[in-house]
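final20.cif follows; it contains mmCIF, C-alpha atoms and all ligand atoms.
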```cif
data_coords
#
loop_
_atom_site.label_atom_id
_atom_site.label_comp_id
_atom_site.auth_asym_id
_atom_site.auth_seq_id
_atom_site.Cartn_x
_atom_site.Cartn_y
_atom_site.Cartn_z
CA MET A 207 0.00 0.00 0.00
CA ALA A 208 1.07 3.57 -0.62
CA ILE A 209 -0.45 7.01 -0.33
CA PHE A 210 -1.30 8.83 -3.55
CA ASN A 211 -2.34 12.47 -3.83
CA LEU A 212 -4.67 12.85 -6.78
CA ASN A 213 -6.25 15.83 -8.51
CA ILE A 214 -9.78 14.74 -9.37
CA ASN A 215 -12.50 17.06 -10.66
CA GLY A 216 -10.55 20.05 -9.39
CA LYS A 217 -10.15 18.69 -5.87
CA SER A 218 -7.18 17.19 -4.07
CA MET A 219 -7.90 13.66 -2.91
CA GLN A 220 -5.74 11.15 -1.11
CA VAL A 221 -5.94 7.38 -1.21
CA ASP A 222 -3.91 4.61 0.41
CA VAL A 223 -3.92 1.71 -2.06
CA ASP A 224 -1.74 -0.83 -3.82
CA PRO A 225 0.23 1.11 -6.49
CA ALA A 226 -1.00 -1.29 -9.18
CA THR A 227 -4.68 -0.51 -8.48
CA PRO A 228 -6.33 0.75 -11.67
CA VAL A 229 -7.67 4.30 -11.45
CA LEU A 230 -11.14 2.91 -12.24
CA TRP A 231 -11.23 1.06 -8.93
CA VAL A 232 -9.74 3.96 -7.00
CA LEU A 233 -12.58 6.11 -8.31
CA ARG A 234 -15.35 3.60 -7.74
CA ASP A 235 -14.28 1.73 -4.60
CA HIS A 236 -12.27 4.31 -2.69
CA LEU A 237 -13.75 7.66 -3.69
CA ASP A 238 -17.36 6.67 -4.40
CA LEU A 239 -17.23 8.22 -7.88
CA VAL A 240 -19.30 5.49 -9.49
CA GLY A 241 -20.31 7.30 -12.68
CA THR A 242 -17.29 5.74 -14.39
CA LYS A 243 -18.25 2.18 -15.35
CA TYR A 244 -16.50 -1.17 -15.57
CA GLY A 245 -17.12 -3.09 -18.76
CA CYS A 246 -14.21 -5.24 -19.85
CA GLY A 247 -11.17 -4.34 -17.75
CA VAL A 248 -8.83 -4.67 -20.73
CA ALA A 249 -9.17 -1.31 -22.52
CA ALA A 250 -11.51 -2.78 -25.14
CA CYS A 251 -14.94 -1.23 -24.48
CA GLY A 252 -14.55 2.39 -23.36
CA ALA A 253 -17.02 2.23 -20.45
CA CYS A 254 -14.31 3.40 -18.04
CA THR A 255 -13.22 6.45 -20.07
CA ILE A 256 -12.07 9.49 -18.08
CA HIS A 257 -9.98 12.53 -18.95
CA LEU A 258 -6.32 12.73 -18.00
CA ASP A 259 -5.13 16.29 -18.60
CA GLY A 260 -8.03 16.67 -21.04
CA ASN A 261 -7.41 13.54 -23.06
CA ALA A 262 -9.70 10.50 -23.09
CA VAL A 263 -8.06 7.48 -21.43
CA ARG A 264 -9.16 4.03 -20.25
CA SER A 265 -9.05 4.07 -16.46
CA CYS A 266 -9.34 0.27 -16.16
CA VAL A 267 -5.76 -0.28 -17.34
CA MET A 268 -4.14 2.76 -15.78
CA PRO A 269 -2.37 2.05 -12.49
CA VAL A 270 -2.88 4.77 -9.92
CA SER A 271 0.90 4.99 -9.58
CA SER A 272 1.14 6.22 -13.19
CA VAL A 273 -1.01 9.36 -13.02
CA GLY A 274 1.19 11.54 -10.81
CA GLY A 275 -0.09 15.11 -10.62
CA SER A 276 -2.16 14.89 -13.80
CA LYS A 277 -5.64 16.37 -13.75
CA ILE A 278 -8.27 13.65 -13.71
CA THR A 279 -11.82 14.48 -14.77
CA THR A 280 -14.68 12.02 -14.39
CA ILE A 281 -18.27 12.30 -15.60
CA GLU A 282 -19.14 13.77 -12.18
CA GLY A 283 -16.74 16.66 -12.81
CA LEU A 284 -17.41 17.32 -16.48
CA SER A 285 -19.78 20.20 -15.68
CA GLU A 286 -21.40 21.84 -12.68
CA ASN A 287 -25.00 21.00 -13.48
CA GLY A 288 -24.93 18.54 -16.33
CA ASP A 289 -24.80 21.48 -18.70
CA HIS A 290 -21.70 20.66 -20.74
CA PRO A 291 -22.58 21.09 -24.45
CA VAL A 292 -22.11 17.35 -24.98
CA GLN A 293 -24.45 16.51 -22.11
CA LYS A 294 -27.07 18.94 -23.46
CA ALA A 295 -26.77 17.42 -26.94
CA TRP A 296 -27.13 13.92 -25.42
CA LEU A 297 -30.43 15.00 -23.85
CA GLU A 298 -31.61 16.71 -27.02
CA HIS A 299 -31.02 13.55 -29.05
CA ASP A 300 -32.28 11.23 -26.28
CA VAL A 301 -29.14 9.16 -26.84
CA PRO A 302 -29.06 6.53 -24.05
CA GLN A 303 -30.96 3.28 -24.13
CA CYS A 304 -29.77 1.19 -21.16
CA GLY A 305 -27.27 3.93 -20.33
CA TYR A 306 -24.41 1.79 -19.07
CA CYS A 307 -21.80 2.90 -21.62
CA GLN A 308 -22.92 6.51 -21.85
CA ALA A 309 -20.60 8.13 -19.29
CA GLY A 310 -17.68 6.72 -21.25
CA GLN A 311 -19.24 7.84 -24.53
CA ILE A 312 -19.71 11.38 -23.20
CA MET A 313 -16.16 11.54 -21.86
CA SER A 314 -14.76 10.45 -25.23
CA ALA A 315 -16.97 12.92 -27.12
CA SER A 316 -16.12 15.83 -24.81
CA ALA A 317 -12.38 15.15 -25.09
CA LEU A 318 -12.72 15.05 -28.87
CA LEU A 319 -14.49 18.41 -29.01
CA SER A 320 -12.15 20.16 -26.60
CA ASN A 321 -9.18 19.10 -28.72
CA ASN A 322 -10.97 19.47 -32.08
CA PRO A 323 -14.04 21.77 -31.99
CA ASN A 324 -14.99 21.09 -35.62
CA PRO A 325 -14.44 17.38 -36.18
CA SER A 326 -15.02 15.73 -39.55
CA GLU A 327 -17.13 12.56 -39.84
CA GLU A 328 -13.88 10.63 -39.88
CA ASP A 329 -12.58 12.44 -36.78
CA ILE A 330 -15.80 11.54 -34.93
CA ASP A 331 -15.59 7.92 -36.02
CA ASN A 332 -11.94 7.69 -35.03
CA ALA A 333 -12.56 9.25 -31.62
CA MET A 334 -15.68 7.23 -30.82
CA ASN A 335 -15.05 3.81 -32.33
CA GLY A 336 -13.36 2.51 -29.18
CA ASN A 337 -16.56 3.05 -27.19
CA ILE A 338 -18.84 0.05 -27.51
CA CYS A 339 -22.63 0.34 -27.06
CA ARG A 340 -24.49 -2.95 -26.86
CA CYS A 341 -27.80 -1.18 -27.44
CA GLY A 342 -26.49 0.23 -30.72
CA THR A 343 -27.06 3.92 -30.02
CA TYR A 344 -24.29 4.85 -32.43
CA LEU A 345 -26.40 6.91 -34.82
CA ARG A 346 -27.76 9.06 -32.00
CA ILE A 347 -24.28 9.38 -30.49
CA LYS A 348 -22.95 10.68 -33.79
CA ALA A 349 -25.84 13.10 -34.21
CA ALA A 350 -25.31 14.40 -30.67
CA VAL A 351 -21.59 14.90 -31.21
CA LYS A 352 -22.38 16.94 -34.32
CA THR A 353 -24.93 19.05 -32.41
CA ALA A 354 -22.46 19.66 -29.58
CA ALA A 355 -19.86 20.77 -32.10
CA GLN A 356 -22.09 23.51 -33.53
FE1 LIG A 401 -12.03 -0.09 -19.45
FE2 LIG A 401 -13.69 -1.63 -20.91
S1 LIG A 401 -13.70 -1.27 -18.74
S2 LIG A 401 -12.19 -0.22 -21.63
#
```

What does this structure look like when you write it as structure tokens?
Amino acid sequence: MAIFNLNINGKSMQVDVDPATPVLWVLRDHLDLVGTKYGCGVAACGACTIHLDGNAVRSCVMPVSSVGGSKITTIEGLSENGDHPVQKAWLEHDVPQCGYCQAGQIMSASALLSNNPNPSEEDIDNAMNGNICRCGTYLRIKAAVKTAAQ
């Protein structure tokens, strides 16, 4: 076990965990930030996507010892009141079906748009194709990303 000082959603947080613990489990089990979901555990589905210094990353394969002082943002910290443009577009297009993958989808989409405010179709596909949705909401996801980009 070791103590780690983390910067999560603009707040300093401290955890005492095994250094190999994936950030996903630090968030969910130690900090009660359960908006970030577990799907596969091997970086293959995107359910666990968070931002690390503004970039979309898979928290299930990222040991807590590797993040250092980087800024972590989870779905809980994406906006104050659920009013991030991507979240508003998600509501407008009624994107979720079961909802399980959607936090990861929104984190990938918001990272895309902060790094590339006017993405092409190909940019959207490239940014989003690592996020799996078993309900098949892909068409609504794409429409919402385009709305958020306007
Ligand atoms: Fe991390 Fe699937 S749970 S990518």

Mind checking which residues fall within 12 Å of Arg340 in chain A, counting all atoms listed in the file, ignoring those fewer than 3 positions away in the same chain, and posting them as a ChimeraX atom specification? /A:245,251-253,302-308,337,343-344

All residues 6 Å or closer to range 214-229 of chain A, only C-alpha atoms, same chain fewer than 5 positions away omitted, as a ChimeraX atom specification: /A:207-209,265-271,278-279,283

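Distances here use all atoms listed in the file; by that measure, the residue among A:Leu239, A:Leu318, A:Leu212, A:Ala249 closest to ligand LIG 401 (chain A) is A:Ala249.
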
Using CA of Ala315 in chain A and CA of Asn211 in chain A as the two end points, give the distance in Å to one decimal.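 Pair CA of Ala315 in chain A / CA of Asn211 in chain A returns 27.5 Å.
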
Here CA of Val240 in chain A and CA of Met313 in chain A stand apart by 14.1 Å

Using all atoms listed in the file, can you tell me which of A:Glu286, A:Gly310, A:Lys277, A:His257 comes closest to ligand LIG 401 (chain A)?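 Checking each candidate against ligand LIG 401 (chain A), we get A:Gly310 as the closest.
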